[in-house]
Amino acid sequence: MEKIRVIVPCYNEEESIPFYYKEMCLVMEKMDFVSFELLFVNDGSKDKTLDLLRDLAKNDQRVRYLSFSRNFGKEAAILAGLQYATGDYVTLMDADLQDPPAKLWEMYELLIKENLDVVGLKSNNHKNYGFVRKFFTACYYKIIGFVSTTPMEPNERDYRLMKRQVVDAVLSLTEYNRYSKGLFNFVGFDVKWISYDAPNRVAGKTKWSFKNLFSYAIDGIVGFSTRPLVLSSFVGILFCFVAFLMILLIIFKTILWGDPVSGWPSLACIIIFVSGVQLFFLGVIGEYLSKIYLETKNRPIYIIKETEKDKN
Ligand code: UDP
Ligand code: MG
C-alpha cells in the first residue's frame, strides 16, 4: 500500500486541532487504499496544543508529532516536517481547516491519473483577509513578479501533495532563510493546480501579524532575486547623468549671466534627496549582507524538544 504523510504545522492551535483531526479521520476512512501518517509539528505553542498532540499520538498509531523548544516559525515547521516525513507522498496542511482535508482524494486521483509530481491548491478568494492585507498582498506579488525569475502567485496555498522525489529536491535546498513558496516553485517538476474557495479559519486567530508578513515578504524578495542590487547601479548611473547635465547647465549659466549667490534651497533639497537614495540602497545591500551573515553562522533552523517517541 502506498503511504501519504501529512505534515501539519501548529502554533497555538488548541481550538482547531480537534476539528482538524475529526475531519482528517473521515478522509483516512474513505481513502482506505492508502496508508496515512499524520505528522504534527508543534511550533512552540503556548497553549494546550502539545497536550492534545500527546493524547492523539497515544491513542492513534497514525499520529506522530515533533515539538520545538520555542516558536521558530511556519517555515521551520515545514522543513522539520519534510525532513522527518518518510513515504511515497507528502502533503502539507494548515491546522485551521483552510486547507480542507476532503480535497486530498481529488488531489491524489489527479496526481495518479495524469502522472504528475505535485498537485496543489489555489484559493479563488481571500475573503477572510481584510482590505489592507489584500492590498499589500497584491502590491507584493507585483513587485516579486518583476524582480524574481522564479514564478510566484498570490493564490497558491502551501497545501500540496508531492511525490518523494519533489520532497527530496526541496530538501536539497539547504538555505537558512527559507521561503517555501519560492523553494517549491524553484524545484519545478510537473505541477497542476486545483482551484477552490478557501473557507474561513475553523477556530482561533491567524498567527500572522503585519510585521511577520512584512519580514516574510522581504525574505521572499531577498531570497529569490538579486535585482534590487542591480537597481542601485542603474539609479547611480541615472544620477550621474543628471548631475552631468546640471554641471553643463551651471557652467553655461555662469558664463552667460555671472554667478550671483542664490539657489541654496534647491541645493539643500538635492543633497537630502541624493543622501536618501544612497541610504536606501545601502539598506538594500545591508539586507543581503544580513542574510549572508545568518547563512554563514550555520545555526540550526529549529530545535526539537520532544517527539512522540519520548512519551511512549
Ligand atoms: N503556524 C506555525 N508557526 C507560526 C505561525 C503559524 O506553525 O509561527 C501554522 C499555524 O498553526 C497554521 C498555519 O501555520 O496551521 C497557517 O497559519 P495561519 O492560519 O495563522 O495563517 P493564515 O492562514 O492566516 O495565512
Ligand atoms: Mg489559516
# chains A, B, ... in the order shown; residues from 1 in each chain; ligands from 1

$ residues_around --residues "Ile285 of chain A" --least-positions-apart "5" --cutoff "9 Å" --atoms "only C-alpha atoms" --output "list in words"
Pro228, Leu229, Phe280 and Ser290 of chain A

$ write_last_selection --atoms "N, CA, C and O atoms" --output "short mmCIF file (atom, residue, chain, number, x, y, z; two decimals), in the first residue's frame"
data_model
loop_
_atom_site.label_atom_id
_atom_site.label_comp_id
_atom_site.auth_asym_id
_atom_site.auth_seq_id
_atom_site.Cartn_x
_atom_site.Cartn_y
_atom_site.Cartn_z
N PRO A 228 17.30 43.93 -6.86
CA PRO A 228 17.40 45.19 -6.12
C PRO A 228 18.85 45.71 -6.06
O PRO A 228 19.06 46.91 -6.05
N LEU A 229 19.83 44.79 -6.05
CA LEU A 229 21.23 45.22 -6.04
C LEU A 229 21.62 45.86 -7.37
O LEU A 229 22.30 46.88 -7.42
N PHE A 280 19.03 54.44 1.11
CA PHE A 280 18.09 53.38 0.75
C PHE A 280 18.85 52.18 0.16
O PHE A 280 18.64 51.04 0.56
N SER A 290 22.94 40.90 5.67
CA SER A 290 22.45 40.27 6.90
C SER A 290 22.04 38.82 6.62
O SER A 290 22.21 37.95 7.48
#

$ residues_around --residues "Ser195 of chain A" --least-positions-apart "5" --cutoff "8 Å" --atoms "only C-alpha atoms" --output "PyMOL selection string"
chain A and resi 121-124

$ select_by_dssp --residues "segment 52-297 of chain A" --states "helix (DSSP H, G or I)" --output "VMD selection string"
chain A and resid 52 to 59 74 to 84 101 to 113 131 to 147 164 to 171 180 to 187 210 to 224 227 to 257 264 to 297

$ atom_distance --atom1 "atom CA of Ala57 of chain A" --atom2 "atom 17 (O, counted along the ligand's line) of ligand 1"
21.9 Å

$ select_by_dssp --residues "segment 39-162 of chain A" --states "strand (DSSP E or B)" --output "ChimeraX atom specification"
/A:39-42,63-68,89-92,118-123,156-162

$ write_last_selection --atoms "N, CA, C and O atoms" --output "compact mmCIF listing (two decimals), in the first residue's frame"
# COMPACT_ATOMS: atom_id res chain seq x y z
N LEU A 39 1.79 13.87 10.75
CA LEU A 39 2.95 14.37 11.48
C LEU A 39 2.69 15.83 11.87
O LEU A 39 2.82 16.74 11.05
N PHE A 40 2.29 16.00 13.12
CA PHE A 40 2.05 17.37 13.61
C PHE A 40 3.37 17.97 14.06
O PHE A 40 4.19 17.28 14.68
N VAL A 41 3.58 19.23 13.74
CA VAL A 41 4.79 19.91 14.21
C VAL A 41 4.36 21.04 15.13
O VAL A 41 3.77 22.03 14.69
N ASN A 42 4.60 20.86 16.42
CA ASN A 42 4.22 21.89 17.38
C ASN A 42 5.32 22.96 17.42
O ASN A 42 6.41 22.72 17.92
N VAL A 63 -0.71 8.82 14.33
CA VAL A 63 -0.32 10.19 14.69
C VAL A 63 1.09 10.24 15.27
O VAL A 63 1.42 9.47 16.18
N ARG A 64 1.90 11.13 14.72
CA ARG A 64 3.22 11.40 15.29
C ARG A 64 3.33 12.90 15.50
O ARG A 64 2.58 13.67 14.93
N TYR A 65 4.26 13.30 16.33
CA TYR A 65 4.46 14.74 16.46
C TYR A 65 5.91 15.07 16.76
O TYR A 65 6.66 14.25 17.29
N LEU A 66 6.28 16.29 16.39
CA LEU A 66 7.56 16.87 16.76
C LEU A 66 7.21 18.13 17.52
O LEU A 66 6.30 18.84 17.13
N SER A 67 7.94 18.39 18.61
CA SER A 67 7.64 19.62 19.33
C SER A 67 8.91 20.45 19.48
O SER A 67 9.93 19.97 19.97
N PHE A 68 8.84 21.71 19.02
CA PHE A 68 10.01 22.59 19.06
C PHE A 68 10.24 23.16 20.46
O PHE A 68 9.30 23.26 21.25
N TYR A 89 4.35 9.73 -0.70
CA TYR A 89 3.75 11.04 -0.95
C TYR A 89 3.74 11.84 0.34
O TYR A 89 3.54 11.30 1.43
N VAL A 90 3.96 13.13 0.19
CA VAL A 90 3.93 14.00 1.36
C VAL A 90 3.03 15.18 1.05
O VAL A 90 3.03 15.69 -0.06
N THR A 91 2.22 15.57 2.03
CA THR A 91 1.39 16.76 1.84
C THR A 91 1.49 17.68 3.05
O THR A 91 1.77 17.24 4.15
N LEU A 92 1.29 18.98 2.79
CA LEU A 92 1.33 19.98 3.86
C LEU A 92 -0.08 20.51 4.06
O LEU A 92 -0.76 20.79 3.08
N VAL A 118 3.38 16.99 -8.58
CA VAL A 118 2.79 17.80 -7.50
C VAL A 118 1.37 18.21 -7.90
O VAL A 118 1.13 18.59 -9.04
N VAL A 119 0.43 18.12 -6.96
CA VAL A 119 -0.88 18.75 -7.16
C VAL A 119 -1.11 19.69 -5.98
O VAL A 119 -1.01 19.29 -4.82
N GLY A 120 -1.35 20.96 -6.31
CA GLY A 120 -1.53 21.95 -5.25
C GLY A 120 -2.89 22.61 -5.32
O GLY A 120 -3.62 22.42 -6.28
N LEU A 121 -3.22 23.36 -4.28
CA LEU A 121 -4.49 24.07 -4.27
C LEU A 121 -4.28 25.56 -4.42
O LEU A 121 -3.34 26.13 -3.87
N LYS A 122 -5.16 26.18 -5.20
CA LYS A 122 -5.15 27.63 -5.37
C LYS A 122 -6.47 28.16 -4.86
O LYS A 122 -7.52 27.67 -5.28
N SER A 123 -6.44 29.14 -3.99
CA SER A 123 -7.72 29.66 -3.49
C SER A 123 -8.23 30.74 -4.43
O SER A 123 -7.46 31.58 -4.91
N GLU A 156 -1.58 30.69 -4.48
CA GLU A 156 -1.07 29.34 -4.22
C GLU A 156 -0.97 29.09 -2.72
O GLU A 156 -0.33 29.83 -2.01
N ARG A 157 -1.62 28.04 -2.28
CA ARG A 157 -1.53 27.67 -0.86
C ARG A 157 -0.32 26.76 -0.67
O ARG A 157 0.22 26.23 -1.63
N ASP A 158 0.05 26.58 0.59
CA ASP A 158 1.14 25.62 0.85
C ASP A 158 0.63 24.19 0.78
O ASP A 158 1.41 23.24 0.84
N TYR A 159 -0.71 24.05 0.67
CA TYR A 159 -1.34 22.74 0.65
C TYR A 159 -1.04 22.07 -0.70
O TYR A 159 -1.63 22.43 -1.71
N ARG A 160 -0.10 21.14 -0.70
CA ARG A 160 0.19 20.42 -1.94
C ARG A 160 0.57 18.98 -1.63
O ARG A 160 1.15 18.70 -0.59
N LEU A 161 0.22 18.13 -2.57
CA LEU A 161 0.57 16.71 -2.45
C LEU A 161 1.77 16.48 -3.36
O LEU A 161 1.71 16.78 -4.55
N MET A 162 2.87 15.98 -2.77
CA MET A 162 4.10 15.87 -3.55
C MET A 162 4.63 14.45 -3.56
O MET A 162 4.49 13.72 -2.57

$ residues_near_ligand --ligand "ligand 1" --cutoff "7 Å" --atoms "only C-alpha atoms and all ligand atoms" --output "MDAnalysis selection string"
chainID A and resid 8:13 42:43 71:74 77 94:96 98 201 205:208

$ residues_around --residues "segment 125-142 of chain A" --least-positions-apart "4" --cutoff "7 Å" --atoms "only C-alpha atoms" --output "ChimeraX atom specification"
/A:146,153-154,197-198,200

$ write_last_selection --atoms "C-alpha atoms" --output "PDB file, in the first residue's frame"
ATOM      1  CA  PHE A 146       9.009  41.893 -11.522  1.00  0.00           C
ATOM      2  CA  GLU A 153       1.439  33.640  -7.315  1.00  0.00           C
ATOM      3  CA  PRO A 154      -0.699  35.088  -4.553  1.00  0.00           C
ATOM      4  CA  ASP A 197     -12.935  28.635  -2.311  1.00  0.00           C
ATOM      5  CA  ALA A 198     -10.845  28.887   0.834  1.00  0.00           C
ATOM      6  CA  ASN A 200     -12.551  30.881   6.962  1.00  0.00           C
TER       7      ASN A 200
END

$ residues_around --residues "Arg227 of chain A" --least-positions-apart "2" --cutoff "8 Å" --atoms "only C-alpha atoms" --output "list in words"
Val147, Ser148, Ser225, Leu229, Val230 and Leu231 of chain A

$ write_last_selection --atoms "C-alpha atoms" --output "short mmCIF file (atom, residue, chain, number, x, y, z; two decimals), in the first residue's frame"
data_model
loop_
_atom_site.label_atom_id
_atom_site.label_comp_id
_atom_site.auth_asym_id
_atom_site.auth_seq_id
_atom_site.Cartn_x
_atom_site.Cartn_y
_atom_site.Cartn_z
CA VAL A 147 12.24 41.22 -9.65
CA SER A 148 12.31 37.42 -9.43
CA SER A 225 16.18 37.96 -6.54
CA LEU A 229 21.23 45.22 -6.04
CA VAL A 230 21.43 45.76 -9.79
CA LEU A 231 18.82 48.50 -9.47
#

$ atom_distance --atom1 "atom CA of Gly182 of chain A" --atom2 "atom CA of Gly220 of chain A"
7.1 Å

$ residues_around --residues "Ala169 of chain A" --least-positions-apart "2" --cutoff "10 Å" --atoms "only C-alpha atoms" --output "VMD selection string"
chain A and resid 164 to 167 171 to 173 183 to 184 186 to 189

$ write_last_selection --atoms "C-alpha atoms" --output "PDB file, in the first residue's frame"
ATOM      1  CA  ARG A 164       9.010  11.722  -2.751  1.00  0.00           C
ATOM      2  CA  GLN A 165      11.346  12.992  -5.477  1.00  0.00           C
ATOM      3  CA  VAL A 166       9.970  16.527  -5.122  1.00  0.00           C
ATOM      4  CA  VAL A 167      10.369  16.455  -1.339  1.00  0.00           C
ATOM      5  CA  LEU A 171      15.291  19.293   0.976  1.00  0.00           C
ATOM      6  CA  SER A 172      18.389  19.568  -1.195  1.00  0.00           C
ATOM      7  CA  LEU A 173      17.981  23.359  -0.972  1.00  0.00           C
ATOM      8  CA  LEU A 183      11.532  26.882  -2.921  1.00  0.00           C
ATOM      9  CA  PHE A 184       8.629  24.777  -4.206  1.00  0.00           C
ATOM     10  CA  PHE A 186      12.211  26.764  -7.808  1.00  0.00           C
ATOM     11  CA  VAL A 187      12.451  22.957  -7.967  1.00  0.00           C
ATOM     12  CA  GLY A 188       9.955  22.781 -10.841  1.00  0.00           C
ATOM     13  CA  PHE A 189       8.529  19.302 -11.780  1.00  0.00           C
TER      14      PHE A 189
END

$ closest_residue --among "A:Val34, A:Leu248, A:Leu97, A:Ala80" --to "ligand 2" --atoms "only C-alpha atoms and all ligand atoms"
A:Leu97

$ atom_distance --atom1 "atom 1 (Mg, counted along the ligand's line) of ligand 2" --atom2 "atom CA of Thr86 of chain A"
25.2 Å

$ residues_around --residues "Met1 of chain A" --least-positions-apart "6" --cutoff "12 Å" --atoms "only C-alpha atoms" --output "short mmCIF file (atom, residue, chain, number, x, y, z; two decimals) with N, CA, C and O atoms, in the first residue's frame"
data_model
loop_
_atom_site.label_atom_id
_atom_site.label_comp_id
_atom_site.auth_asym_id
_atom_site.auth_seq_id
_atom_site.Cartn_x
_atom_site.Cartn_y
_atom_site.Cartn_z
N MET A 31 -10.32 7.05 2.26
CA MET A 31 -9.19 6.69 1.39
C MET A 31 -8.46 5.49 1.99
O MET A 31 -7.26 5.57 2.27
N ASP A 32 -9.18 4.37 2.12
CA ASP A 32 -8.58 3.23 2.82
C ASP A 32 -7.59 2.46 1.93
O ASP A 32 -7.00 1.48 2.37
N PHE A 33 -7.42 2.94 0.68
CA PHE A 33 -6.49 2.27 -0.22
C PHE A 33 -5.06 2.80 -0.08
O PHE A 33 -4.16 2.35 -0.77
N VAL A 34 -4.87 3.80 0.78
CA VAL A 34 -3.50 4.25 1.08
C VAL A 34 -3.31 4.24 2.59
O VAL A 34 -4.26 4.29 3.36
N SER A 35 -2.04 4.18 3.01
CA SER A 35 -1.80 4.25 4.46
C SER A 35 -1.38 5.68 4.81
O SER A 35 -0.70 6.35 4.03
N PHE A 36 -1.85 6.15 5.95
CA PHE A 36 -1.62 7.54 6.34
C PHE A 36 -0.72 7.65 7.56
O PHE A 36 -0.68 6.76 8.40
N GLY A 87 7.95 8.07 3.27
CA GLY A 87 6.76 7.70 2.50
C GLY A 87 6.81 8.18 1.06
O GLY A 87 7.63 9.01 0.69
N ASP A 88 5.88 7.63 0.26
CA ASP A 88 5.87 7.91 -1.17
C ASP A 88 5.34 9.29 -1.50
O ASP A 88 5.78 9.93 -2.43
N TYR A 89 4.35 9.73 -0.70
CA TYR A 89 3.75 11.04 -0.95
C TYR A 89 3.74 11.84 0.34
O TYR A 89 3.54 11.30 1.43
#

$ closest_residue --among "A:Ile272, A:Leu238, A:Val170, A:Met93" --to "ligand 2" --atoms "only C-alpha atoms and all ligand atoms"
A:Met93

$ residues_around --residues "Lys58 of chain A" --least-positions-apart "4" --cutoff "12 Å" --atoms "only C-alpha atoms" --output "PyMOL selection string"
chain A and resi 51-54+62-65+307-312

$ closest_residue --among "A:Ile301, A:Val202, A:Leu245, A:Leu116" --to "ligand 2" --atoms "only C-alpha atoms and all ligand atoms"
A:Val202

$ closest_residue --among "A:Ile7, A:Leu56, A:Ala76, A:Met28" --to "Glu175 of chain A" --atoms "only C-alpha atoms"
A:Ala76

$ decode --residues "segment 21-35 of chain A" --atoms "all heavy atoms" --output "tab-separated table (two decimals), in the first residue's frame"
chain	number	residue	atom	x	y	z
A	21	TYR	N	-8.55	17.02	13.34
A	21	TYR	CA	-8.34	15.58	13.49
A	21	TYR	C	-9.60	14.81	13.09
A	21	TYR	O	-9.54	13.79	12.40
A	21	TYR	CB	-7.93	15.27	14.93
A	21	TYR	CG	-7.74	13.80	15.19
A	21	TYR	CD1	-6.70	13.09	14.60
A	21	TYR	CD2	-8.63	13.10	16.01
A	21	TYR	CE1	-6.53	11.73	14.81
A	21	TYR	CE2	-8.48	11.74	16.23
A	21	TYR	CZ	-7.43	11.07	15.64
A	21	TYR	OH	-7.28	9.73	15.85
A	22	LYS	N	-10.75	15.35	13.50
A	22	LYS	CA	-12.02	14.69	13.18
A	22	LYS	C	-12.21	14.60	11.66
A	22	LYS	O	-12.52	13.55	11.11
A	22	LYS	CB	-13.17	15.49	13.81
A	22	LYS	CG	-14.31	14.62	14.29
A	22	LYS	CD	-15.27	15.42	15.13
A	22	LYS	CE	-16.61	15.45	14.46
A	22	LYS	NZ	-17.45	16.57	14.91
A	23	GLU	N	-11.98	15.73	11.02
A	23	GLU	CA	-12.13	15.81	9.56
A	23	GLU	C	-11.14	14.86	8.87
A	23	GLU	O	-11.49	14.14	7.93
A	23	GLU	CB	-11.84	17.26	9.16
A	23	GLU	CG	-12.02	17.53	7.70
A	23	GLU	CD	-13.39	18.11	7.35
A	23	GLU	OE1	-14.13	18.48	8.28
A	23	GLU	OE2	-13.69	18.16	6.15
A	24	MET	N	-9.92	14.85	9.38
A	24	MET	CA	-8.88	14.03	8.77
A	24	MET	C	-9.20	12.53	8.94
A	24	MET	O	-8.92	11.73	8.05
A	24	MET	CB	-7.54	14.39	9.44
A	24	MET	CG	-6.32	14.09	8.63
A	24	MET	SD	-6.33	14.79	6.99
A	24	MET	CE	-5.62	13.41	6.10
A	25	CYS	N	-9.82	12.18	10.08
A	25	CYS	CA	-10.20	10.78	10.31
A	25	CYS	C	-11.20	10.32	9.25
A	25	CYS	O	-11.11	9.19	8.74
A	25	CYS	CB	-10.80	10.60	11.70
A	25	CYS	SG	-9.54	10.53	12.96
A	26	LEU	N	-12.14	11.20	8.91
A	26	LEU	CA	-13.13	10.86	7.89
A	26	LEU	C	-12.43	10.59	6.56
A	26	LEU	O	-12.74	9.62	5.86
A	26	LEU	CB	-14.13	12.00	7.70
A	26	LEU	CG	-15.08	12.28	8.85
A	26	LEU	CD1	-15.94	13.50	8.56
A	26	LEU	CD2	-15.98	11.05	9.10
A	27	VAL	N	-11.47	11.46	6.22
A	27	VAL	CA	-10.75	11.30	4.96
A	27	VAL	C	-9.96	9.99	4.96
A	27	VAL	O	-9.95	9.25	3.97
A	27	VAL	CB	-9.81	12.51	4.72
A	27	VAL	CG1	-8.92	12.29	3.53
A	27	VAL	CG2	-10.63	13.78	4.55
A	28	MET	N	-9.30	9.69	6.08
A	28	MET	CA	-8.48	8.47	6.15
A	28	MET	C	-9.36	7.23	6.02
A	28	MET	O	-8.95	6.22	5.45
A	28	MET	CB	-7.68	8.45	7.45
A	28	MET	CG	-6.59	9.52	7.46
A	28	MET	SD	-5.41	9.38	8.81
A	28	MET	CE	-6.33	9.91	10.21
A	29	GLU	N	-10.59	7.33	6.56
A	29	GLU	CA	-11.52	6.21	6.47
A	29	GLU	C	-11.92	5.97	5.01
A	29	GLU	O	-11.93	4.84	4.52
A	29	GLU	CB	-12.79	6.56	7.25
A	29	GLU	CG	-13.21	5.51	8.26
A	29	GLU	CD	-14.26	6.10	9.18
A	29	GLU	OE1	-15.41	6.25	8.72
A	29	GLU	OE2	-13.91	6.44	10.34
A	30	LYS	N	-12.22	7.09	4.32
A	30	LYS	CA	-12.65	6.98	2.92
A	30	LYS	C	-11.52	6.50	2.04
A	30	LYS	O	-11.71	5.67	1.15
A	30	LYS	CB	-13.14	8.35	2.43
A	30	LYS	CG	-14.58	8.62	2.78
A	30	LYS	CD	-15.06	9.85	2.01
A	30	LYS	CE	-16.22	10.49	2.74
A	30	LYS	NZ	-16.21	11.95	2.64
A	31	MET	N	-10.32	7.05	2.26
A	31	MET	CA	-9.19	6.69	1.39
A	31	MET	C	-8.46	5.49	1.99
A	31	MET	O	-7.26	5.57	2.27
A	31	MET	CB	-8.23	7.88	1.26
A	31	MET	CG	-8.81	9.06	0.52
A	31	MET	SD	-7.67	10.44	0.41
A	31	MET	CE	-6.44	9.87	-0.74
A	32	ASP	N	-9.18	4.37	2.12
A	32	ASP	CA	-8.58	3.23	2.82
A	32	ASP	C	-7.59	2.46	1.93
A	32	ASP	O	-7.00	1.48	2.37
A	32	ASP	CB	-9.67	2.30	3.37
A	32	ASP	CG	-10.63	1.88	2.27
A	32	ASP	OD1	-10.41	2.30	1.11
A	32	ASP	OD2	-11.59	1.15	2.57
A	33	PHE	N	-7.42	2.94	0.68
A	33	PHE	CA	-6.49	2.27	-0.22
A	33	PHE	C	-5.06	2.80	-0.08
A	33	PHE	O	-4.16	2.35	-0.77
A	33	PHE	CB	-6.97	2.43	-1.67
A	33	PHE	CG	-7.41	3.83	-2.00
A	33	PHE	CD1	-6.49	4.75	-2.47
A	33	PHE	CD2	-8.74	4.23	-1.81
A	33	PHE	CE1	-6.88	6.05	-2.75
A	33	PHE	CE2	-9.13	5.52	-2.09
A	33	PHE	CZ	-8.21	6.44	-2.56
A	34	VAL	N	-4.87	3.80	0.78
A	34	VAL	CA	-3.50	4.25	1.08
A	34	VAL	C	-3.31	4.24	2.59
A	34	VAL	O	-4.26	4.29	3.36
A	34	VAL	CB	-3.21	5.69	0.58
A	34	VAL	CG1	-2.92	5.75	-0.89
A	34	VAL	CG2	-4.32	6.64	0.96
A	35	SER	N	-2.04	4.18	3.01
A	35	SER	CA	-1.80	4.25	4.46
A	35	SER	C	-1.38	5.68	4.81
A	35	SER	O	-0.70	6.35	4.03
A	35	SER	CB	-0.75	3.24	4.87
A	35	SER	OG	0.52	3.80	4.81
